[in-house]
Amino acid sequence: MKLNRALKRSPVDWVLRRLGKGLPKGLYARSLIIIIAPVVLLQSIVAYVFMERHWQLVTRRLSSAVTADVAALIDIYENYPQDRDATKLSRIASERLQLDVDILHDTDLPPPGPKPFFSILDEALSDELRRQVDRPYWMDTVGRSNYVEIRIKLDQNQVMRVLARRSQTYASNSHIFLVWMGGSSFVLLGIAILFLRNQIRPILHLSEAAEALGKGREIEFRPRGAREVRQAGHAFLEMKRRIERNMEQRTTMLNGVSHDLRTILTRFKLSLVFLDQTAEVEDLKRDVDEMSRMLEGYLAFARGDMGEHAVETDLRLLLEEVQSDAERQGHAMSLDVVGDPIITVRPDAFRRLLFNLVANAARHGDRIEISANHETRWLVLNVDDDGPGIPAEMREEVFKPFVRLDEARNQDEGGSGLGLAIARDIARSHGGDITLGDSPLGGLRATVRLPA
């Protein structure tokens, strides 16, 4: 199937996919490329198609003028034998034509040299020499960077050597082209950066506000920017208000349900106090206590502590509080905190997360170890125990509410089966997650990873 899909893809799709992998991922960088690339490409085409034609025309005319001067010097030298004085001819060429002329005796033309890659001058000058002089010639446009050397064979033993400045024969285009392209691209890039920064900044603020909302943090946000960005910002604020309104309504409802059910359970307990303390009454008391614990668990899971705001909290103090509670219940527990102990969380919710994980470890093991690392922008916290553990294929199941596995360690004796579900819900409300794995102690490892 994969081979068939690959064969159906066109080469264009393959090139676009490869190009997409190499492009920047940020909107700011991609917007700059979208603006700059077409303009630079258009400038290149215009410079090549139009400017190059202009430089070719100028080069041909300059080469034609220099060739005409050379032809005139040859005519003077050959048609006026009484004035055949190399010194006089050289002086006239230097003063009137800005050419360096010399007559070489008893010599021949050098062998042809390699042609340069960029041969506009060679082509233009060669054409003019063949058209106007029509004699054997040799020229060098590479050897001397500032001069062009031309040799014309006069007769069997004489060669006229002419040195002309390169500017007399060739209109150079490299520096003009680079200055044109670099200058215009620099100006365009500066203008694009100036405007795009103002357009991208509101999108980044919207992203930060959405991330803060997911982590339960408050951040000041006011829609700005282009019309579409402002519309997205207003939609985000409206969504935030609806979420807060639903949370408030849910909290009010849960408080009312909690109050009514606790009132009934309190009446049950008072009624049981006035009854004779028989074995049946003791069983009823235990059932009422169990019902009370289950009610608290259900309400904690449904409430989720979403009304609490995230603040800077000392992780070490929270863990020491958890350690003290575990040791009072007779469980050995060790702590290891690396990095900055200050984290930004909702304290009560995070305390419940820790208590649930430690209670789960204490219920099935005798030894508990907690290690926390906050050396980066992420907090990684491990809770290890030496209990029986949970099979790898069942580790996701235990996070589901009210799930009880017959052979797993989350049977939650005397509980509601919501401890791990509440812990994961709290971790995810902070923008993180909880995963289960094998512990070095031989039992289960619960790993909490939060952006802090």
# chains A, B, ... in the order shown; residues from 1 in each chain; ligands from 1
call {"tool": "residues_around", "arguments": {"residues": "Ile200 in chain A", "least_positions_apart": "3", "cutoff": "12 Å", "atoms": "only C-alpha atoms", "output": "list of chain:residue names"}}
result
A:Gly26, A:Leu27, A:Tyr28, A:Ala29, A:Arg30, A:Ser31, A:Leu32, A:Ala192, A:Ile193, A:Leu194, A:Phe195, A:Leu196, A:Arg197, A:Ile203, A:Leu204, A:His205, A:Leu206, A:Ser207, A:Arg224, A:Gly225, A:Ala226, A:Val229
call {"tool": "residues_around", "arguments": {"residues": "range 344-359 of chain A", "least_positions_apart": "2", "cutoff": "8 Å", "atoms": "only C-alpha atoms", "output": "NGL selection string"}}
result
:A and (216 or 304-305 or 308-313 or 318-319 or 322 or 326 or 342 or 361-363 or 368 or 383 or 419-420 or 422-424 or 426-427 or 430 or 446 or 452)
call {"tool": "write_last_selection", "arguments": {"atoms": "C-alpha atoms", "output": "CSV table (one decimal), in the first residue's frame"}}
result
chain,number,residue,atom,x,y,z
A,216,GLY,CA,-5.0,27.5,34.9
A,304,GLY,CA,-11.2,19.2,39.6
A,305,ASP,CA,-10.1,22.3,41.6
A,308,GLU,CA,-8.0,27.6,42.0
A,309,HIS,CA,-5.3,29.9,40.5
A,310,ALA,CA,-1.7,28.9,39.9
A,311,VAL,CA,0.9,30.5,42.1
A,312,GLU,CA,4.6,30.0,42.9
A,313,THR,CA,4.9,27.1,45.3
A,318,LEU,CA,4.9,20.0,49.7
A,319,LEU,CA,6.9,16.9,49.5
A,322,VAL,CA,3.6,14.3,52.1
A,326,ALA,CA,3.3,8.8,55.0
A,342,ILE,CA,10.0,26.8,43.2
A,361,ALA,CA,2.1,3.5,46.4
A,362,ALA,CA,1.6,3.1,50.2
A,363,ARG,CA,-1.4,0.9,49.7
A,368,ILE,CA,8.4,4.7,48.7
A,383,VAL,CA,7.0,8.1,42.7
A,419,GLY,CA,-7.2,8.2,42.8
A,420,LEU,CA,-5.2,7.9,39.6
A,422,ILE,CA,-8.0,12.5,39.7
A,423,ALA,CA,-4.2,12.7,39.7
A,424,ARG,CA,-4.0,12.5,35.9
A,426,ILE,CA,-4.9,17.5,37.7
A,427,ALA,CA,-1.6,16.9,35.8
A,430,HIS,CA,-1.5,22.0,34.4
A,446,ALA,CA,4.5,7.0,38.4
A,452,ALA,CA,6.8,24.7,35.5
call {"tool": "select_by_dssp", "arguments": {"residues": "range 177-407 of chain A", "states": "alpha helix (DSSP H)", "output": "ChimeraX atom specification"}}
result
/A:177-214,227-273,279-303,315-328,347-364
call {"tool": "select_by_dssp", "arguments": {"residues": "range 416-451 of chain A", "states": "strand (DSSP E)", "output": "VMD selection string"}}
result
chain A and resid 433 to 438 444 to 451
call {"tool": "closest_residue", "arguments": {"among": "A:Arg165, A:Arg395, A:Arg61, A:Lys400", "to": "Ala124 in chain A", "atoms": "only C-alpha atoms"}}
result
A:Arg61
call {"tool": "closest_residue", "arguments": {"among": "A:Ala332, A:Ile191, A:Ile343, A:Leu163", "to": "Gly365 in chain A", "atoms": "only C-alpha atoms"}}
result
A:Ala332
call {"tool": "closest_residue", "arguments": {"among": "A:Met139, A:Ile434, A:Ile74, A:Leu275", "to": "Leu379 in chain A", "atoms": "only C-alpha atoms"}}
result
A:Ile434
call {"tool": "residues_around", "arguments": {"residues": "Glu149 in chain A", "least_positions_apart": "6", "cutoff": "12 Å", "atoms": "only C-alpha atoms", "output": "PyMOL selection string"}}
result
chain A and resi 66-67+70+99-102+110+122+125+137-143+160-166+168-169
call {"tool": "residues_around", "arguments": {"residues": "Asp289 in chain A", "least_positions_apart": "2", "cutoff": "12 Å", "atoms": "only C-alpha atoms", "output": "list in words"}}
result
Arg262, Leu265, Thr266, Phe268, Lys269, Leu272, Glu282, Asp283, Leu284, Lys285, Arg286, Asp287, Met291, Ser292, Arg293, Met294, Leu295, Glu296, Gly414 and Gly415 of chain A
call {"tool": "closest_residue", "arguments": {"among": "A:Leu97, A:Ile36, A:Val338, A:Leu57", "to": "Gly190 in chain A", "atoms": "only C-alpha atoms"}}
result
A:Ile36
call {"tool": "closest_residue", "arguments": {"among": "A:Ser439, A:Asn373, A:Thr107, A:Ser429", "to": "Ile390 in chain A", "atoms": "only C-alpha atoms"}}
result
A:Ser439
call {"tool": "atom_distance", "arguments": {"atom1": "CA of Arg367 in chain A", "atom2": "CA of Glu327 in chain A"}}
result
10.5 Å
